[in-house]
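Here is the file query.txt (compact mmCIF, C-alpha atoms and all ligand atoms).
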# COMPACT_ATOMS: atom_id res chain seq x y z
CA MET A 212 103.21 100.31 -168.25
CA LEU A 213 106.84 99.38 -167.95
CA ALA A 214 109.52 100.38 -165.48
CA ILE A 215 113.17 99.89 -166.03
CA VAL A 216 114.85 98.62 -162.89
CA LEU A 217 118.58 99.01 -162.48
CA CYS A 218 120.56 96.75 -160.22
CA ARG A 219 124.24 97.08 -159.58
CA HIS A 220 125.83 93.74 -158.86
CA SER A 221 128.94 93.08 -156.85
CA ASN A 222 130.88 92.85 -160.08
CA LEU A 223 129.87 96.47 -160.67
CA LYS A 224 128.06 95.63 -163.86
CA THR A 225 124.71 97.32 -164.05
CA ARG A 226 121.87 95.20 -165.21
CA TYR A 227 118.44 96.25 -166.27
CA TRP A 228 115.09 94.63 -165.68
CA ALA A 229 111.95 95.57 -167.50
CA VAL A 230 109.17 95.17 -164.99
CA SER A 231 105.55 95.40 -165.93
CA LEU A 232 103.58 97.75 -163.71
CA ASN A 233 100.02 96.76 -164.22
CA SER A 234 98.65 98.19 -161.03
CA PHE A 235 99.72 99.21 -157.58
CA LYS A 236 100.53 95.53 -157.09
CA PRO A 237 102.17 94.57 -160.38
CA HIS A 238 102.18 90.90 -161.15
CA VAL A 239 105.51 89.41 -161.90
CA ARG A 240 105.20 85.67 -162.05
CA ASN A 241 102.50 83.16 -161.35
CA THR A 242 103.60 80.41 -159.01
CA GLY A 243 100.15 78.97 -158.65
CA SER A 244 100.48 79.07 -154.92
CA GLN A 245 100.65 82.77 -154.38
CA SER A 246 100.68 86.03 -156.18
CA ARG A 247 104.03 87.73 -156.44
CA SER A 248 103.88 91.43 -155.95
CA PHE A 249 106.54 93.94 -156.80
CA SER A 250 107.87 94.03 -153.25
CA PRO A 251 109.75 90.71 -153.37
CA ILE A 252 111.69 91.99 -156.36
CA LEU A 253 112.65 95.12 -154.49
CA ASP A 254 113.64 92.96 -151.53
CA THR A 255 115.71 90.81 -153.83
CA LEU A 256 117.43 93.82 -155.26
CA ARG A 257 118.20 95.10 -151.80
CA LEU A 258 119.60 91.73 -150.80
CA ARG A 259 121.87 91.88 -153.81
CA GLY A 260 122.96 95.34 -152.87
CA GLY A 261 120.99 96.65 -155.76
CA ILE A 262 119.60 100.02 -156.54
CA TYR A 263 116.48 100.61 -158.50
CA LEU A 264 115.25 103.42 -160.65
CA SER A 265 118.51 105.23 -160.06
CA GLY A 266 117.99 105.32 -156.34
CA LEU A 267 114.36 106.46 -156.24
CA GLN A 268 112.42 105.22 -153.28
CA GLU A 269 109.95 102.37 -153.54
CA LYS A 270 106.99 104.70 -153.12
CA SER A 271 108.14 106.58 -156.18
CA LEU A 272 107.41 103.47 -158.23
CA LYS A 273 103.71 103.80 -157.60
CA VAL A 274 101.99 104.85 -160.78
CA PRO A 275 98.49 106.07 -161.56
CA MET A 276 96.04 103.20 -161.93
CA PRO A 277 95.69 102.39 -165.65
CA ARG A 278 92.31 102.61 -167.30
CA GLN A 279 90.01 99.74 -166.34
CA ARG A 280 89.23 97.20 -169.04
CA LYS A 281 86.74 94.40 -169.35
CA ALA A 282 88.13 90.91 -169.02
CA VAL A 283 87.39 87.40 -170.18
CA PHE A 284 88.49 84.57 -167.93
CA LEU A 285 88.98 81.34 -169.83
CA ASP A 286 89.29 77.87 -168.42
CA ARG A 287 92.07 75.98 -170.20
CA ASP A 288 91.31 72.25 -170.59
CA GLY A 289 88.06 71.85 -172.49
CA VAL A 290 88.06 75.47 -173.67
CA LEU A 291 91.45 76.19 -175.24
CA ASN A 292 92.30 72.53 -175.81
CA LEU A 293 90.48 69.23 -175.95
CA ASP A 294 90.35 67.83 -172.42
CA THR A 295 91.96 64.44 -172.83
CA GLY A 296 93.03 64.32 -169.19
CA TYR A 297 96.00 65.90 -167.45
CA VAL A 298 97.41 67.52 -170.57
CA HIS A 299 100.90 68.78 -169.79
CA THR A 300 103.00 68.66 -172.96
CA PRO A 301 102.62 70.35 -176.35
CA ASP A 302 102.22 67.02 -178.14
CA GLN A 303 99.17 66.27 -175.99
CA PHE A 304 97.68 69.69 -176.60
CA VAL A 305 95.01 69.79 -179.32
CA TRP A 306 93.56 73.23 -179.90
CA VAL A 307 89.79 73.60 -179.75
CA SER A 308 88.46 74.88 -183.05
CA GLY A 309 88.49 78.67 -183.12
CA ALA A 310 90.26 79.01 -179.76
CA LYS A 311 93.27 80.95 -180.99
CA GLU A 312 91.07 83.13 -183.16
CA ALA A 313 88.72 83.77 -180.22
CA ILE A 314 91.60 85.06 -178.13
CA ARG A 315 92.80 87.32 -180.94
CA PHE A 316 89.23 88.56 -181.41
CA LEU A 317 88.98 89.43 -177.71
CA ASN A 318 92.41 91.11 -177.85
CA GLU A 319 91.20 93.26 -180.72
CA LEU A 320 88.08 94.24 -178.81
CA GLY A 321 90.18 95.46 -175.90
CA PHE A 322 89.38 92.71 -173.43
CA TYR A 323 91.98 91.41 -171.06
CA VAL A 324 92.25 87.67 -171.65
CA PHE A 325 93.13 85.57 -168.61
CA ILE A 326 93.41 81.83 -168.10
CA VAL A 327 92.28 80.26 -164.84
CA THR A 328 92.97 76.54 -164.73
CA ASN A 329 92.95 73.80 -162.11
CA GLN A 330 96.05 71.66 -162.53
CA SER A 331 95.71 69.00 -159.87
CA GLY A 332 98.05 66.76 -161.86
CA VAL A 333 100.84 68.55 -160.00
CA ALA A 334 99.46 67.51 -156.61
CA ARG A 335 98.77 64.01 -157.93
CA GLY A 336 102.37 63.63 -159.07
CA TYR A 337 101.55 63.27 -162.76
CA PHE A 338 103.71 66.22 -163.74
CA LYS A 339 105.61 69.13 -162.23
CA GLU A 340 104.93 72.83 -162.02
CA HIS A 341 107.68 73.48 -164.55
CA ASP A 342 105.74 71.33 -167.02
CA VAL A 343 102.72 73.59 -166.56
CA LEU A 344 104.82 76.69 -167.04
CA ALA A 345 106.58 75.25 -170.08
CA LEU A 346 103.26 74.35 -171.69
CA HIS A 347 101.88 77.81 -171.03
CA LYS A 348 104.97 79.33 -172.59
CA TRP A 349 104.43 77.14 -175.65
CA ILE A 350 100.77 78.21 -175.81
CA ASP A 351 101.88 81.84 -175.66
CA SER A 352 104.21 81.17 -178.57
CA GLU A 353 101.48 79.50 -180.62
CA LEU A 354 99.20 82.46 -180.03
CA SER A 355 101.93 84.93 -180.87
CA ASP A 356 102.21 83.33 -184.30
CA ILE A 357 98.74 84.61 -185.18
CA GLY A 358 99.02 87.90 -183.32
CA ALA A 359 97.04 86.81 -180.25
CA SER A 360 98.05 86.95 -176.61
CA ILE A 361 97.00 86.02 -173.11
CA ASP A 362 97.48 88.80 -170.58
CA ASP A 363 97.97 86.63 -167.51
CA TRP A 364 97.68 83.11 -166.21
CA ARG A 365 96.62 81.54 -162.97
CA TYR A 366 96.80 77.83 -162.32
CA CYS A 367 96.05 75.88 -159.17
CA PRO A 368 98.36 72.91 -158.54
CA PHE A 369 96.66 71.89 -155.29
CA HIS A 370 94.30 69.02 -154.54
CA ARG A 371 93.28 67.53 -151.23
CA ASP A 372 93.86 63.98 -152.52
CA GLY A 373 97.31 64.73 -153.91
CA ILE A 374 100.36 62.63 -153.11
CA VAL A 375 102.90 65.46 -153.38
CA ALA A 376 102.97 66.81 -149.85
CA GLU A 377 103.58 70.41 -150.91
CA PHE A 378 100.37 70.48 -152.90
CA ALA A 379 98.16 67.94 -151.10
CA MET A 380 95.67 70.31 -149.57
CA ASP A 381 92.51 72.24 -150.15
CA HIS A 382 93.24 75.63 -151.62
CA HIS A 383 91.05 78.64 -152.23
CA TRP A 384 92.46 78.99 -155.75
CA ARG A 385 90.95 75.68 -156.83
CA LYS A 386 87.69 76.12 -158.70
CA PRO A 387 84.81 76.09 -157.75
CA GLU A 388 86.35 78.61 -155.38
CA ALA A 389 87.10 82.02 -156.83
CA GLY A 390 90.69 82.53 -155.65
CA MET A 391 92.32 82.67 -159.07
CA ILE A 392 89.76 85.09 -160.47
CA ASN A 393 89.89 87.27 -157.37
CA ASP A 394 93.68 87.37 -157.51
CA LEU A 395 93.57 88.57 -161.10
CA MET A 396 90.99 91.17 -160.15
CA GLU A 397 93.30 92.45 -157.43
CA THR A 398 96.24 92.51 -159.82
CA TRP A 399 94.70 94.09 -162.92
CA PRO A 400 92.36 97.07 -163.36
CA ILE A 401 89.25 95.22 -164.44
CA GLU A 402 85.74 96.40 -165.22
CA LYS A 403 84.03 93.67 -163.25
CA ASP A 404 80.51 94.27 -164.52
CA GLU A 405 81.66 93.91 -168.12
CA SER A 406 83.70 90.77 -167.50
CA PHE A 407 82.80 87.12 -167.75
CA LEU A 408 84.16 83.59 -167.69
CA ILE A 409 83.96 80.70 -170.15
CA GLY A 410 84.40 77.18 -168.80
CA ASP A 411 83.36 73.65 -169.60
CA LYS A 412 82.36 72.50 -166.12
CA SER A 413 79.87 73.54 -163.50
CA SER A 414 82.80 74.21 -161.16
CA ASP A 415 83.99 76.91 -163.58
CA LEU A 416 80.62 78.61 -163.49
CA ALA A 417 80.50 78.29 -159.71
CA ALA A 418 83.86 80.06 -159.48
CA ALA A 419 82.58 82.83 -161.74
CA SER A 420 79.48 83.21 -159.61
CA ALA A 421 81.56 83.30 -156.43
CA ALA A 422 83.67 86.06 -157.96
CA GLY A 423 80.56 88.02 -158.96
CA ILE A 424 80.88 87.72 -162.73
CA ALA A 425 78.84 85.95 -165.38
CA GLY A 426 79.83 82.46 -166.49
CA TYR A 427 79.13 80.67 -169.76
CA LEU A 428 79.30 76.92 -170.29
CA PHE A 429 81.17 75.86 -173.41
CA SER A 430 80.51 72.26 -174.43
CA ASP A 431 81.86 71.84 -177.93
CA GLY A 432 82.01 73.52 -181.31
CA ASP A 433 83.95 76.59 -182.33
CA LEU A 434 85.12 78.88 -179.54
CA LEU A 435 85.17 81.98 -181.72
CA ASP A 436 81.52 81.43 -182.65
CA PHE A 437 80.72 80.86 -178.98
CA VAL A 438 82.46 84.08 -177.92
CA LYS A 439 80.63 86.05 -180.60
CA SER A 440 77.30 84.63 -179.43
CA ILE A 441 78.07 85.65 -175.85
CA LEU A 442 79.05 89.16 -176.88
CA SER A 443 75.91 89.43 -178.93
CA LYS A 444 73.79 88.46 -175.93
CA ARG A 445 75.65 90.93 -173.76
CA GLY A 446 75.15 93.74 -176.25
CA HIS A 447 78.76 94.04 -177.31
CA ALA A 448 78.40 92.94 -180.92
CA GLN A 449 77.35 96.15 -182.60
CA ARG A 450 79.94 98.35 -181.03
CA SER A 451 82.69 95.81 -180.67
CA GLU A 452 83.06 94.10 -184.02
CA PRO A 453 86.43 95.05 -185.49
CA GLU A 454 86.55 96.64 -188.93
MG MG A 501 87.96 72.52 -168.10

Give the structure from the file, written as structure tokens.
Ligand SMILES: [Mg+2]
Amino acid sequence: MLAIVLCRHSNLKTRYWAVSLNSFKPHVRNTGSQSRSFSPILDTLRLRGGIYLSGLQEKSLKVPMPRQRKAVFLDRDGVLNLDTGYVHTPDQFVWVSGAKEAIRFLNELGFYVFIVTNQSGVARGYFKEHDVLALHKWIDSELSDIGASIDDWRYCPFHRDGIVAEFAMDHHWRKPEAGMINDLMETWPIEKDESFLIGDKSSDLAAASAAGIAGYLFSDGDLLDFVKSILSKRGHAQRSEPE
């Protein structure tokens, strides 16, 4: 669901923002360190002397909860791309066979597709958060070319052994903890019982378990085939195969 937000600037030009309202706490941007709810945007608009929705009050922005959907949480490195270590640029990114097609397949079946990825390279000083965001934007573009899409991303830039002070700490978003999954579950209307995670490490499966969803270990091969085998096991195949 989309809301159009109007903001009148000091130069009296009215600008418009299209803001996705996915739930009572719509997600706006993933910083990796915290979830941004709609409220900071409203605060920002107020600070700028803005008005929103033609002067309607904030409570008026609350919308009925959308229909719940099942979700697949995908690890990134080792699932979407070959894990060659601290991948952070498009030229380092080698797609796993069938990964793009697996995402499109899940899109067509009505699953939310989310990425939950530890990116301790930020804390270790190997690359910056903007590198992570730029790579994810590039991945989105690659997927768009075949009609696939990721609904939302979470990444965790923290690590206790980091050298970048801002990120050198334990953090509940870092797998095997479930923070990233839980944050997505709070942000999107998800059918938890029908949802699952695919990762390539035991820490991925531990995070899934901690969040109360099933986890499946992907080692190698074709991700689309792997997804189909999971859906078959879970009883989705007969009713979920697209025409
Ligand atoms: Mg991985």

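Listed by chain and then residue number, the contacts of ligand MG 501 (chain A) are Asp286, Arg287, Asp288, Gly289, Val290, Asp294, Gly410, Asp411 and Lys412 of chain A (distance at most 7 Å, using all atoms listed in the file).
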
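Closest approach to Asp362 (chain A) among A:Ile374, A:Val283, A:Val333, A:Glu388: A:Val283, based on all atoms listed in the file.
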
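You can rank A:Val327, A:Ala345, A:Leu320, A:Asp356 by their closest distance to Trp384 (chain A) using all atoms listed in the file, and at the top of that list sits A:Val327.
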
Nearest to Trp399 (chain A): which of A:Ala310, A:Ala282, A:Val375, A:Leu354 is it, counting all atoms listed in the file?
A:Ala282

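Here CA of Leu434 (chain A) and CA of Cys367 (chain A) stand 23.3 Å from one another.
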
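Checking A:Glu312, A:Asp363, A:Glu319, A:Glu377 one by one against Asp394 (chain A), counting only C-alpha atoms, you find the shortest gap at A:Asp363.
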
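CA of Arg315 (chain A) is found 12.8 Å from CA of Asp436 (chain A).
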
For CA of Glu397 (chain A) and CA of Ala422 (chain A), the interatomic separation in Å (one decimal)
11.6 Å

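Of the residues listed (A:Gln330, A:Ser360, A:Thr398, A:Asn292), A:Asn292 shows the shortest atom-to-atom separation from Phe429 (chain A); distances use all atoms listed in the file.
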
With distances taken over all atoms listed in the file, which residue among A:Phe316, A:Phe304, A:Gly390, A:Arg280 lies nearest Lys403 (chain A)?
A:Arg280

Given the point (78.7, 78.3, -168.9) in the coordinates of this file, which residues lie within 6 Å, counting only C-alpha atoms, and how would they look as a list in words?
Ile409, Gly410, Leu416, Gly426, Tyr427, Leu428 and Phe429 of chain A

Write out as a PDB file with C-alpha atoms, in the coordinates of the input the residues lying within 7 Å of Gly373 (chain A), counting all atoms listed in the file and excluding same-chain residues fewer than 3 positions away.
ATOM      1  CA  ALA A 334      99.460  67.510-156.610  1.00  0.00           C
ATOM      2  CA  ARG A 335      98.770  64.010-157.930  1.00  0.00           C
ATOM      3  CA  HIS A 370      94.300  69.020-154.540  1.00  0.00           C
ATOM      4  CA  PHE A 378     100.370  70.480-152.900  1.00  0.00           C
ATOM      5  CA  ALA A 379      98.160  67.940-151.100  1.00  0.00           C
TER       6      ALA A 379
END

Would you compute an axis-aligned box for region 373-392 of chain A, covering every atom listed for it in the file with 3 Å of margin on each side, and report centre and edge lengths in Å to one decimal as AutoDock Vina command-line options?
--center_x 94.2 --center_y 73.9 --center_z -155.0 --size_x 24.8 --size_y 28.5 --size_z 16.9

When you look at Asp351 (chain A) with a cut-off of 12 Å (counting only C-alpha atoms), what residues show up, excluding the ones that are within fewer than 2 positions of it in the same chain? I need them as a ChimeraX atom specification.
/A:291,301,311,314-315,324-326,344-349,353-364

For Ser420 (chain A), list every protein, DNA or RNA residue within 10 Å, evaluated using only C-alpha atoms, and leave out those in the same chain fewer than 5 positions away; present the list as a PyMOL selection string.
chain A and resi 387-389+407-408+414-415+425-426
